$ cat upload.cif   # mmCIF, N, CA and C atoms
data_entry
#
loop_
_atom_site.label_atom_id
_atom_site.label_comp_id
_atom_site.auth_asym_id
_atom_site.auth_seq_id
_atom_site.Cartn_x
_atom_site.Cartn_y
_atom_site.Cartn_z
N MET A 1 7.01 6.08 -76.45
CA MET A 1 7.92 7.06 -75.91
C MET A 1 9.31 6.79 -76.45
N GLY A 2 10.07 7.85 -76.67
CA GLY A 2 11.40 7.70 -77.22
C GLY A 2 12.41 8.56 -76.50
N LEU A 3 13.57 8.58 -77.06
CA LEU A 3 14.69 9.30 -76.47
C LEU A 3 15.45 9.99 -77.59
N ALA A 4 15.83 11.22 -77.36
CA ALA A 4 16.64 11.96 -78.33
C ALA A 4 17.87 12.51 -77.62
N LEU A 5 19.00 12.46 -78.31
CA LEU A 5 20.23 13.07 -77.82
C LEU A 5 20.50 14.25 -78.73
N PHE A 6 20.76 15.42 -78.13
CA PHE A 6 20.92 16.64 -78.93
C PHE A 6 21.81 17.64 -78.20
N PRO A 7 22.41 18.55 -78.95
CA PRO A 7 23.26 19.57 -78.35
C PRO A 7 22.43 20.53 -77.51
N GLY A 8 22.99 20.97 -76.40
CA GLY A 8 22.30 21.89 -75.51
C GLY A 8 22.38 23.33 -75.99
N ALA A 9 22.35 23.54 -77.26
CA ALA A 9 22.36 24.89 -77.83
C ALA A 9 20.91 25.31 -78.05
N ASP A 10 20.70 26.58 -78.21
CA ASP A 10 19.34 27.09 -78.43
C ASP A 10 18.90 26.98 -79.89
N ASP A 11 19.71 26.37 -80.72
CA ASP A 11 19.41 26.25 -82.14
C ASP A 11 18.53 25.02 -82.36
N ILE A 12 17.25 25.23 -82.66
CA ILE A 12 16.34 24.10 -82.84
C ILE A 12 16.58 23.34 -84.13
N SER A 13 17.40 23.89 -85.00
CA SER A 13 17.72 23.19 -86.25
C SER A 13 18.95 22.28 -86.09
N SER A 14 19.53 22.24 -84.89
CA SER A 14 20.70 21.39 -84.65
C SER A 14 20.35 19.93 -84.90
N PRO A 15 21.31 19.15 -85.34
CA PRO A 15 21.05 17.72 -85.55
C PRO A 15 20.84 17.02 -84.21
N ASP A 16 20.13 15.92 -84.28
CA ASP A 16 19.95 15.08 -83.11
C ASP A 16 19.95 13.63 -83.57
N VAL A 17 19.90 12.74 -82.61
CA VAL A 17 19.75 11.33 -82.91
C VAL A 17 18.71 10.79 -81.94
N SER A 18 17.79 9.98 -82.45
CA SER A 18 16.71 9.52 -81.58
C SER A 18 16.42 8.04 -81.80
N TRP A 19 15.90 7.45 -80.75
CA TRP A 19 15.52 6.04 -80.72
C TRP A 19 14.26 5.89 -79.90
N SER A 20 13.63 4.75 -80.02
CA SER A 20 12.68 4.33 -79.00
C SER A 20 13.54 3.95 -77.79
N CYS A 21 12.96 3.86 -76.62
CA CYS A 21 13.75 3.46 -75.45
C CYS A 21 14.34 2.07 -75.67
N THR A 22 13.55 1.19 -76.28
CA THR A 22 14.05 -0.16 -76.59
C THR A 22 15.19 -0.09 -77.59
N GLY A 23 15.03 0.74 -78.61
CA GLY A 23 16.07 0.88 -79.63
C GLY A 23 17.37 1.42 -79.06
N PHE A 24 17.28 2.36 -78.12
CA PHE A 24 18.48 2.90 -77.48
C PHE A 24 19.18 1.80 -76.68
N GLY A 25 18.39 0.97 -76.01
CA GLY A 25 18.96 -0.16 -75.27
C GLY A 25 19.70 -1.12 -76.19
N VAL A 26 19.11 -1.42 -77.32
CA VAL A 26 19.74 -2.32 -78.30
C VAL A 26 21.03 -1.69 -78.82
N PHE A 27 20.99 -0.40 -79.11
CA PHE A 27 22.18 0.31 -79.58
C PHE A 27 23.29 0.26 -78.54
N ARG A 28 22.96 0.51 -77.29
CA ARG A 28 23.99 0.46 -76.23
C ARG A 28 24.53 -0.94 -76.02
N ARG A 29 23.67 -1.96 -76.14
CA ARG A 29 24.18 -3.34 -76.02
C ARG A 29 25.17 -3.64 -77.15
N TRP A 30 24.89 -3.12 -78.35
CA TRP A 30 25.80 -3.30 -79.48
C TRP A 30 27.14 -2.62 -79.19
N LEU A 31 27.11 -1.40 -78.67
CA LEU A 31 28.35 -0.70 -78.32
C LEU A 31 29.12 -1.45 -77.23
N ALA A 32 28.41 -1.91 -76.21
CA ALA A 32 29.07 -2.65 -75.13
C ALA A 32 29.73 -3.92 -75.68
N GLN A 33 29.04 -4.61 -76.56
CA GLN A 33 29.60 -5.82 -77.18
C GLN A 33 30.88 -5.47 -77.94
N ALA A 34 30.86 -4.34 -78.65
CA ALA A 34 32.06 -3.91 -79.37
C ALA A 34 33.21 -3.61 -78.40
N GLU A 35 32.87 -3.25 -77.18
CA GLU A 35 33.88 -2.96 -76.15
C GLU A 35 34.28 -4.21 -75.38
N GLY A 36 33.66 -5.34 -75.69
CA GLY A 36 34.09 -6.61 -75.11
C GLY A 36 33.35 -7.03 -73.85
N PHE A 37 32.19 -6.48 -73.60
CA PHE A 37 31.41 -6.93 -72.45
C PHE A 37 29.93 -6.87 -72.78
N ALA A 38 29.15 -7.56 -71.95
CA ALA A 38 27.69 -7.58 -72.14
C ALA A 38 27.07 -6.55 -71.21
N LEU A 39 26.28 -5.66 -71.76
CA LEU A 39 25.63 -4.62 -70.96
C LEU A 39 24.74 -5.23 -69.89
N ASP A 40 24.10 -6.35 -70.20
CA ASP A 40 23.19 -7.00 -69.26
C ASP A 40 23.91 -7.53 -68.02
N GLU A 41 25.24 -7.65 -68.07
CA GLU A 41 26.02 -8.09 -66.91
C GLU A 41 26.32 -6.94 -65.95
N MET A 42 26.08 -5.71 -66.40
CA MET A 42 26.50 -4.53 -65.65
C MET A 42 25.47 -4.10 -64.61
N HIS A 43 26.01 -3.54 -63.52
CA HIS A 43 25.16 -2.98 -62.47
C HIS A 43 24.28 -1.88 -63.09
N GLY A 44 23.01 -1.93 -62.80
CA GLY A 44 22.07 -0.98 -63.38
C GLY A 44 21.37 -1.51 -64.62
N PHE A 45 21.86 -2.64 -65.13
CA PHE A 45 21.27 -3.24 -66.33
C PHE A 45 20.91 -4.70 -66.09
N GLY A 46 20.70 -5.05 -64.84
CA GLY A 46 20.30 -6.41 -64.48
C GLY A 46 21.41 -7.29 -63.97
N GLY A 47 22.65 -6.84 -64.08
CA GLY A 47 23.79 -7.63 -63.62
C GLY A 47 24.43 -7.05 -62.37
N GLN A 48 25.48 -7.68 -61.95
CA GLN A 48 26.17 -7.27 -60.73
C GLN A 48 27.56 -6.68 -60.98
N ARG A 49 28.02 -6.76 -62.21
CA ARG A 49 29.38 -6.29 -62.51
C ARG A 49 29.46 -4.77 -62.36
N PRO A 50 30.38 -4.28 -61.54
CA PRO A 50 30.51 -2.83 -61.36
C PRO A 50 31.16 -2.16 -62.57
N TRP A 51 30.76 -0.93 -62.82
CA TRP A 51 31.31 -0.18 -63.93
C TRP A 51 32.80 0.09 -63.74
N SER A 52 33.27 0.07 -62.52
CA SER A 52 34.69 0.28 -62.28
C SER A 52 35.54 -0.86 -62.82
N ASN A 53 34.92 -1.99 -63.16
CA ASN A 53 35.63 -3.13 -63.74
C ASN A 53 35.72 -3.07 -65.25
N VAL A 54 35.17 -2.03 -65.86
CA VAL A 54 35.15 -1.90 -67.31
C VAL A 54 35.94 -0.66 -67.70
N SER A 55 36.81 -0.82 -68.65
CA SER A 55 37.61 0.31 -69.12
C SER A 55 37.15 0.67 -70.54
N THR A 56 36.34 1.72 -70.63
CA THR A 56 35.89 2.21 -71.93
C THR A 56 35.56 3.69 -71.82
N THR A 57 35.93 4.44 -72.83
CA THR A 57 35.60 5.86 -72.85
C THR A 57 34.11 6.06 -73.13
N LEU A 58 33.41 4.99 -73.50
CA LEU A 58 31.98 5.08 -73.76
C LEU A 58 31.13 4.96 -72.50
N ALA A 59 31.75 4.72 -71.35
CA ALA A 59 31.01 4.50 -70.11
C ALA A 59 29.98 5.59 -69.80
N PRO A 60 30.29 6.88 -69.97
CA PRO A 60 29.26 7.89 -69.67
C PRO A 60 28.00 7.75 -70.53
N LEU A 61 28.14 7.24 -71.73
CA LEU A 61 26.99 7.02 -72.61
C LEU A 61 26.30 5.70 -72.28
N LEU A 62 27.09 4.67 -72.05
CA LEU A 62 26.53 3.35 -71.79
C LEU A 62 25.85 3.27 -70.42
N ASN A 63 26.41 3.93 -69.44
CA ASN A 63 25.90 3.88 -68.08
C ASN A 63 25.12 5.15 -67.77
N HIS A 64 24.21 5.50 -68.63
CA HIS A 64 23.40 6.70 -68.46
C HIS A 64 21.93 6.31 -68.43
N PRO A 65 21.16 6.86 -67.48
CA PRO A 65 19.71 6.56 -67.48
C PRO A 65 19.07 7.00 -68.79
N ASP A 66 18.09 6.27 -69.22
CA ASP A 66 17.39 6.59 -70.47
C ASP A 66 16.67 7.92 -70.41
N ASP A 67 16.03 8.19 -69.30
CA ASP A 67 15.10 9.31 -69.25
C ASP A 67 15.48 10.41 -68.26
N ASP A 68 16.61 10.31 -67.64
CA ASP A 68 17.00 11.30 -66.64
C ASP A 68 18.50 11.21 -66.48
N GLY A 69 19.00 11.96 -65.55
CA GLY A 69 20.42 11.89 -65.27
C GLY A 69 21.14 13.11 -65.78
N PRO A 70 22.42 13.17 -65.52
CA PRO A 70 23.18 14.36 -65.92
C PRO A 70 23.41 14.40 -67.42
N ASP A 71 23.50 15.61 -67.92
CA ASP A 71 23.89 15.79 -69.31
C ASP A 71 25.35 15.41 -69.44
N LEU A 72 25.80 15.12 -70.64
CA LEU A 72 27.22 14.84 -70.85
C LEU A 72 27.90 16.14 -71.26
N THR A 73 29.01 16.41 -70.63
CA THR A 73 29.75 17.65 -70.87
C THR A 73 30.50 17.58 -72.19
N PRO A 74 30.92 18.73 -72.71
CA PRO A 74 31.74 18.70 -73.93
C PRO A 74 33.02 17.87 -73.76
N ILE A 75 33.58 17.86 -72.57
CA ILE A 75 34.78 17.05 -72.31
C ILE A 75 34.45 15.56 -72.43
N GLN A 76 33.31 15.15 -71.88
CA GLN A 76 32.89 13.75 -72.01
C GLN A 76 32.59 13.42 -73.47
N CYS A 77 31.98 14.35 -74.19
CA CYS A 77 31.71 14.13 -75.62
C CYS A 77 33.01 13.92 -76.38
N ALA A 78 34.01 14.73 -76.06
CA ALA A 78 35.32 14.62 -76.71
C ALA A 78 35.97 13.27 -76.42
N ALA A 79 35.76 12.75 -75.23
CA ALA A 79 36.34 11.45 -74.86
C ALA A 79 35.63 10.30 -75.57
N ILE A 80 34.33 10.42 -75.74
CA ILE A 80 33.52 9.37 -76.37
C ILE A 80 33.75 9.32 -77.88
N LEU A 81 33.90 10.46 -78.49
CA LEU A 81 33.91 10.60 -79.94
C LEU A 81 34.88 9.67 -80.68
N PRO A 82 36.18 9.64 -80.35
CA PRO A 82 37.08 8.81 -81.15
C PRO A 82 36.73 7.32 -81.13
N ARG A 83 36.33 6.81 -79.98
CA ARG A 83 36.00 5.39 -79.91
C ARG A 83 34.71 5.09 -80.67
N LEU A 84 33.75 5.98 -80.58
CA LEU A 84 32.50 5.79 -81.33
C LEU A 84 32.77 5.79 -82.83
N GLN A 85 33.63 6.70 -83.30
CA GLN A 85 33.99 6.74 -84.71
C GLN A 85 34.69 5.44 -85.12
N GLU A 86 35.56 4.95 -84.26
CA GLU A 86 36.29 3.71 -84.56
C GLU A 86 35.35 2.52 -84.66
N ILE A 87 34.41 2.43 -83.73
CA ILE A 87 33.45 1.32 -83.75
C ILE A 87 32.61 1.37 -85.02
N ALA A 88 32.13 2.56 -85.38
CA ALA A 88 31.32 2.70 -86.59
C ALA A 88 32.12 2.30 -87.83
N GLN A 89 33.38 2.70 -87.89
CA GLN A 89 34.23 2.37 -89.03
C GLN A 89 34.48 0.86 -89.11
N GLN A 90 34.81 0.24 -87.99
CA GLN A 90 35.06 -1.19 -87.98
C GLN A 90 33.82 -1.98 -88.35
N ALA A 91 32.66 -1.49 -87.90
CA ALA A 91 31.40 -2.20 -88.16
C ALA A 91 31.04 -2.20 -89.63
N GLN A 92 31.58 -1.29 -90.40
CA GLN A 92 31.27 -1.21 -91.83
C GLN A 92 32.01 -2.26 -92.64
N GLU A 93 32.97 -2.91 -92.02
CA GLU A 93 33.75 -3.94 -92.72
C GLU A 93 32.96 -5.24 -92.76
N GLY A 94 33.04 -5.95 -93.85
CA GLY A 94 32.35 -7.22 -93.99
C GLY A 94 30.90 -7.04 -94.38
N SER A 95 30.16 -8.13 -94.31
CA SER A 95 28.74 -8.06 -94.67
C SER A 95 27.97 -7.35 -93.56
N ILE A 96 26.95 -6.62 -93.95
CA ILE A 96 26.21 -5.82 -92.99
C ILE A 96 24.73 -6.17 -93.06
N ASP A 97 24.20 -6.70 -91.97
CA ASP A 97 22.77 -6.98 -91.91
C ASP A 97 22.02 -5.68 -91.59
N PRO A 98 20.71 -5.65 -91.76
CA PRO A 98 19.95 -4.41 -91.57
C PRO A 98 20.07 -3.81 -90.17
N LEU A 99 20.10 -4.62 -89.13
CA LEU A 99 20.23 -4.08 -87.77
C LEU A 99 21.60 -3.44 -87.57
N ARG A 100 22.63 -4.12 -88.05
CA ARG A 100 23.98 -3.56 -87.93
C ARG A 100 24.10 -2.26 -88.73
N ARG A 101 23.49 -2.22 -89.89
CA ARG A 101 23.48 -1.00 -90.71
C ARG A 101 22.82 0.14 -89.93
N ARG A 102 21.72 -0.16 -89.25
CA ARG A 102 21.03 0.85 -88.45
C ARG A 102 21.93 1.36 -87.32
N HIS A 103 22.62 0.44 -86.65
CA HIS A 103 23.54 0.84 -85.57
C HIS A 103 24.65 1.75 -86.11
N ILE A 104 25.17 1.41 -87.26
CA ILE A 104 26.23 2.24 -87.87
C ILE A 104 25.68 3.62 -88.19
N GLU A 105 24.49 3.68 -88.77
CA GLU A 105 23.88 4.98 -89.09
C GLU A 105 23.65 5.80 -87.82
N ASP A 106 23.16 5.16 -86.76
CA ASP A 106 22.93 5.85 -85.50
C ASP A 106 24.25 6.34 -84.90
N ALA A 107 25.28 5.51 -84.97
CA ALA A 107 26.59 5.92 -84.46
C ALA A 107 27.12 7.12 -85.23
N CYS A 108 26.95 7.10 -86.54
CA CYS A 108 27.41 8.23 -87.36
C CYS A 108 26.64 9.50 -87.05
N GLN A 109 25.33 9.39 -86.83
CA GLN A 109 24.53 10.55 -86.44
C GLN A 109 24.98 11.08 -85.08
N LEU A 110 25.25 10.16 -84.16
CA LEU A 110 25.70 10.57 -82.83
C LEU A 110 27.06 11.25 -82.91
N VAL A 111 27.92 10.80 -83.80
CA VAL A 111 29.21 11.46 -84.01
C VAL A 111 29.00 12.92 -84.39
N VAL A 112 28.08 13.19 -85.30
CA VAL A 112 27.80 14.56 -85.72
C VAL A 112 27.32 15.40 -84.53
N VAL A 113 26.45 14.83 -83.72
CA VAL A 113 25.92 15.55 -82.56
C VAL A 113 27.04 15.81 -81.55
N LEU A 114 27.87 14.83 -81.29
CA LEU A 114 28.99 15.01 -80.35
C LEU A 114 29.95 16.09 -80.85
N GLN A 115 30.24 16.07 -82.14
CA GLN A 115 31.13 17.08 -82.71
C GLN A 115 30.56 18.48 -82.52
N LEU A 116 29.27 18.63 -82.72
CA LEU A 116 28.62 19.92 -82.55
C LEU A 116 28.67 20.37 -81.09
N CYS A 117 28.46 19.44 -80.17
CA CYS A 117 28.56 19.77 -78.74
C CYS A 117 29.95 20.31 -78.41
N MET A 118 30.95 19.69 -78.99
CA MET A 118 32.33 20.14 -78.75
C MET A 118 32.57 21.50 -79.39
N GLU A 119 32.14 21.68 -80.64
CA GLU A 119 32.37 22.95 -81.35
C GLU A 119 31.69 24.12 -80.66
N LYS A 120 30.47 23.89 -80.16
CA LYS A 120 29.71 24.97 -79.53
C LYS A 120 29.94 25.04 -78.03
N ASP A 121 30.72 24.07 -77.50
CA ASP A 121 31.00 23.99 -76.07
C ASP A 121 29.70 23.93 -75.26
N VAL A 122 28.84 22.98 -75.66
CA VAL A 122 27.56 22.78 -74.97
C VAL A 122 27.44 21.30 -74.59
N ASP A 123 26.58 21.04 -73.61
CA ASP A 123 26.35 19.68 -73.14
C ASP A 123 25.53 18.88 -74.16
N LEU A 124 25.68 17.57 -74.09
CA LEU A 124 24.81 16.65 -74.82
C LEU A 124 23.62 16.38 -73.92
N LEU A 125 22.44 16.69 -74.41
CA LEU A 125 21.22 16.54 -73.60
C LEU A 125 20.49 15.27 -73.98
N PHE A 126 19.87 14.65 -72.99
CA PHE A 126 19.03 13.47 -73.16
C PHE A 126 17.60 13.92 -72.95
N GLY A 127 16.76 13.74 -73.95
CA GLY A 127 15.38 14.18 -73.78
C GLY A 127 14.39 13.33 -74.51
#

$ encode --input "upload.cif" --output "structure tokens"
Amino acid sequence: MGLALFPGADDISSPDVSWSCTGFGVFRRWLAQAEGFALDEMHGFGGQRPWSNVSTTLAPLLNHPDDDGPDLTPIQCAAILPRLQEIAQQAQEGSIDPLRRRHIEDACQLVVVLQLCMEKDVDLLFG
């Protein structure tokens, strides 16, 4: 079973980004690490640390159920986008192992999807 993030438009040719559920978890842990905290310490991910103690525009993406939950609005997509672009850009510096390269590629694909959600004024859907 996997997970895909895609624009809530009726265009089936729209870009998406997909992972296995495990792969999405690994991707989110990488993003959380880039934000200076461990996802496994957070409430809902095995830890006790409340999300109110973390300041990141990526919180709606990081603290989202894998298989359910609310869609992300175009406003949330707009808030997530700049930081995601910055993380992807910074990650390209230095030597890149295969897993890090995959994370960068996934982040870049997600950037395209977020941009489309904003342009079309549609939600980011988790499916």

$ residues_around --input "upload.cif" --residues "segment 57-67 of chain A" --least-positions-apart "4" --cutoff "7 Å" --atoms "all atoms listed in the file" --output "compact mmCIF listing (two decimals) with N, CA and C atoms, in the frame of the given file"
# COMPACT_ATOMS: atom_id res chain seq x y z
N LEU A 3 13.57 8.58 -77.06
CA LEU A 3 14.69 9.30 -76.47
C LEU A 3 15.45 9.99 -77.59
N CYS A 21 12.96 3.86 -76.62
CA CYS A 21 13.75 3.46 -75.45
C CYS A 21 14.34 2.07 -75.67
N ARG A 28 22.96 0.51 -77.29
CA ARG A 28 23.99 0.46 -76.23
C ARG A 28 24.53 -0.94 -76.02
N ALA A 79 35.76 12.75 -75.23
CA ALA A 79 36.34 11.45 -74.86
C ALA A 79 35.63 10.30 -75.57
N ILE A 80 34.33 10.42 -75.74
CA ILE A 80 33.52 9.37 -76.37
C ILE A 80 33.75 9.32 -77.88
N LEU A 81 33.90 10.46 -78.49
CA LEU A 81 33.91 10.60 -79.94
C LEU A 81 34.88 9.67 -80.68
N ARG A 83 36.33 6.81 -79.98
CA ARG A 83 36.00 5.39 -79.91
C ARG A 83 34.71 5.09 -80.67
N PHE A 126 19.87 14.65 -72.99
CA PHE A 126 19.03 13.47 -73.16
C PHE A 126 17.60 13.92 -72.95
N GLY A 127 16.76 13.74 -73.95
CA GLY A 127 15.38 14.18 -73.78
C GLY A 127 14.39 13.33 -74.51

$ closest_residue --input "upload.cif" --among "A:Ile12, A:Ile87, A:Leu5, A:Leu31" --to "Leu114 of chain A" --atoms "only N, CA and C atoms"
A:Leu5

$ atom_distance --input "upload.cif" --atom1 "atom C of Glu105 of chain A" --atom2 "atom N of Ala91 of chain A"
11.6 Å

$ closest_residue --input "upload.cif" --among "A:Val26, A:Val111, A:Ala38, A:Leu124" --to "Gln85 of chain A" --atoms "all atoms listed in the file"
A:Val111

$ select_by_dssp --input "upload.cif" --residues "chain A" --states "strand (DSSP E)" --output "VMD selection string"
chain A and resid 2 to 7 17 to 20 124 to 126

$ resolve_selection --input "upload.cif" --expression "the PyMOL selection byres ((chain A and resi 20) around 8)" --output "list in words"
Met1, Gly2, Leu3, Ala4, Ser18, Trp19, Cys21, Thr22, Gly23, Phe24, Gly25 and Val26 of chain A

$ atom_distance --input "upload.cif" --atom1 "atom CA of Gln115 of chain A" --atom2 "atom CA of Ala78 of chain A"
7.7 Å

$ atom_distance --input "upload.cif" --atom1 "atom N of Leu110 of chain A" --atom2 "atom C of Asp11 of chain A"
16.4 Å

$ residues_near_point --input "upload.cif" --point "(32.9, -2.8, -74.6)" --cutoff "8 Å" --atoms "only C-alpha atoms" --output "number ranges by chain"
A: 31-38, 54-56, 58

$ select_by_dssp --input "upload.cif" --residues "segment 11-98 of chain A" --states "helix (DSSP H, G or I)" --output "JSON, numbers by chain"
{"A": [21, 22, 23, 24, 25, 26, 27, 28, 29, 30, 31, 32, 33, 34, 39, 40, 41, 51, 52, 53, 59, 60, 61, 62, 74, 75, 76, 77, 78, 79, 80, 81, 82, 83, 84, 85, 86, 87, 88, 89, 90, 91, 98]}

$ residues_around --input "upload.cif" --residues "Ala88 of chain A" --least-positions-apart "4" --cutoff "7 Å" --atoms "only C-alpha atoms" --output "VMD selection string"
chain A and resid 84 92 104 107 to 108

$ closest_residue --input "upload.cif" --among "A:Gln109, A:Ile75, A:Asp16, A:Pro98" --to "Asp121 of chain A" --atoms "all atoms listed in the file"
A:Ile75

$ decode --input "upload.cif" --residues "segment 17-33 of chain A" --atoms "N, CA, C and O atoms" --output "PDB file, in the first residue's frame"
ATOM      1  N   VAL A  17       3.037  13.058  -6.410  1.00  0.00           N
ATOM      2  CA  VAL A  17       4.233  12.472  -5.820  1.00  0.00           C
ATOM      3  C   VAL A  17       3.753  11.335  -4.934  1.00  0.00           C
ATOM      4  O   VAL A  17       2.738  11.464  -4.250  1.00  0.00           O
ATOM      5  N   SER A  18       4.440  10.199  -5.008  1.00  0.00           N
ATOM      6  CA  SER A  18       3.964   9.044  -4.254  1.00  0.00           C
ATOM      7  C   SER A  18       5.117   8.306  -3.585  1.00  0.00           C
ATOM      8  O   SER A  18       6.264   8.376  -4.029  1.00  0.00           O
ATOM      9  N   TRP A  19       4.756   7.644  -2.513  1.00  0.00           N
ATOM     10  CA  TRP A  19       5.680   6.848  -1.717  1.00  0.00           C
ATOM     11  C   TRP A  19       4.953   5.611  -1.219  1.00  0.00           C
ATOM     12  O   TRP A  19       3.722   5.585  -1.179  1.00  0.00           O
ATOM     13  N   SER A  20       5.714   4.660  -0.744  1.00  0.00           N
ATOM     14  CA  SER A  20       5.141   3.641   0.124  1.00  0.00           C
ATOM     15  C   SER A  20       4.871   4.356   1.451  1.00  0.00           C
ATOM     16  O   SER A  20       5.426   5.440   1.697  1.00  0.00           O
ATOM     17  N   CYS A  21       4.058   3.790   2.304  1.00  0.00           N
ATOM     18  CA  CYS A  21       3.815   4.436   3.604  1.00  0.00           C
ATOM     19  C   CYS A  21       5.119   4.558   4.385  1.00  0.00           C
ATOM     20  O   CYS A  21       5.377   5.580   5.022  1.00  0.00           O
ATOM     21  N   THR A  22       5.953   3.531   4.298  1.00  0.00           N
ATOM     22  CA  THR A  22       7.258   3.580   4.960  1.00  0.00           C
ATOM     23  C   THR A  22       8.126   4.669   4.347  1.00  0.00           C
ATOM     24  O   THR A  22       8.773   5.439   5.061  1.00  0.00           O
ATOM     25  N   GLY A  23       8.124   4.763   3.031  1.00  0.00           N
ATOM     26  CA  GLY A  23       8.920   5.784   2.345  1.00  0.00           C
ATOM     27  C   GLY A  23       8.495   7.191   2.705  1.00  0.00           C
ATOM     28  O   GLY A  23       9.330   8.084   2.866  1.00  0.00           O
ATOM     29  N   PHE A  24       7.180   7.406   2.850  1.00  0.00           N
ATOM     30  CA  PHE A  24       6.686   8.729   3.247  1.00  0.00           C
ATOM     31  C   PHE A  24       7.156   9.060   4.660  1.00  0.00           C
ATOM     32  O   PHE A  24       7.556  10.190   4.943  1.00  0.00           O
ATOM     33  N   GLY A  25       7.155   8.061   5.530  1.00  0.00           N
ATOM     34  CA  GLY A  25       7.657   8.268   6.889  1.00  0.00           C
ATOM     35  C   GLY A  25       9.125   8.653   6.899  1.00  0.00           C
ATOM     36  O   GLY A  25       9.536   9.563   7.621  1.00  0.00           O
ATOM     37  N   VAL A  26       9.915   7.985   6.086  1.00  0.00           N
ATOM     38  CA  VAL A  26      11.350   8.291   5.995  1.00  0.00           C
ATOM     39  C   VAL A  26      11.543   9.709   5.445  1.00  0.00           C
ATOM     40  O   VAL A  26      12.379  10.472   5.946  1.00  0.00           O
ATOM     41  N   PHE A  27      10.763  10.070   4.433  1.00  0.00           N
ATOM     42  CA  PHE A  27      10.833  11.414   3.857  1.00  0.00           C
ATOM     43  C   PHE A  27      10.489  12.463   4.906  1.00  0.00           C
ATOM     44  O   PHE A  27      11.192  13.464   5.051  1.00  0.00           O
ATOM     45  N   ARG A  28       9.435  12.247   5.666  1.00  0.00           N
ATOM     46  CA  ARG A  28       9.060  13.223   6.703  1.00  0.00           C
ATOM     47  C   ARG A  28      10.095  13.302   7.813  1.00  0.00           C
ATOM     48  O   ARG A  28      10.355  14.385   8.333  1.00  0.00           O
ATOM     49  N   ARG A  29      10.703  12.169   8.176  1.00  0.00           N
ATOM     50  CA  ARG A  29      11.768  12.226   9.193  1.00  0.00           C
ATOM     51  C   ARG A  29      12.943  13.057   8.685  1.00  0.00           C
ATOM     52  O   ARG A  29      13.561  13.806   9.436  1.00  0.00           O
ATOM     53  N   TRP A  30      13.253  12.939   7.391  1.00  0.00           N
ATOM     54  CA  TRP A  30      14.326  13.731   6.788  1.00  0.00           C
ATOM     55  C   TRP A  30      13.978  15.222   6.849  1.00  0.00           C
ATOM     56  O   TRP A  30      14.832  16.048   7.199  1.00  0.00           O
ATOM     57  N   LEU A  31      12.744  15.575   6.517  1.00  0.00           N
ATOM     58  CA  LEU A  31      12.322  16.976   6.591  1.00  0.00           C
ATOM     59  C   LEU A  31      12.372  17.492   8.027  1.00  0.00           C
ATOM     60  O   LEU A  31      12.832  18.611   8.273  1.00  0.00           O
ATOM     61  N   ALA A  32      11.895  16.690   8.967  1.00  0.00           N
ATOM     62  CA  ALA A  32      11.920  17.105  10.374  1.00  0.00           C
ATOM     63  C   ALA A  32      13.362  17.329  10.842  1.00  0.00           C
ATOM     64  O   ALA A  32      13.653  18.313  11.532  1.00  0.00           O
ATOM     65  N   GLN A  33      14.258  16.449  10.440  1.00  0.00           N
ATOM     66  CA  GLN A  33      15.670  16.600  10.798  1.00  0.00           C
ATOM     67  C   GLN A  33      16.212  17.906  10.233  1.00  0.00           C
ATOM     68  O   GLN A  33      16.963  18.622  10.905  1.00  0.00           O
TER      69      GLN A  33
END
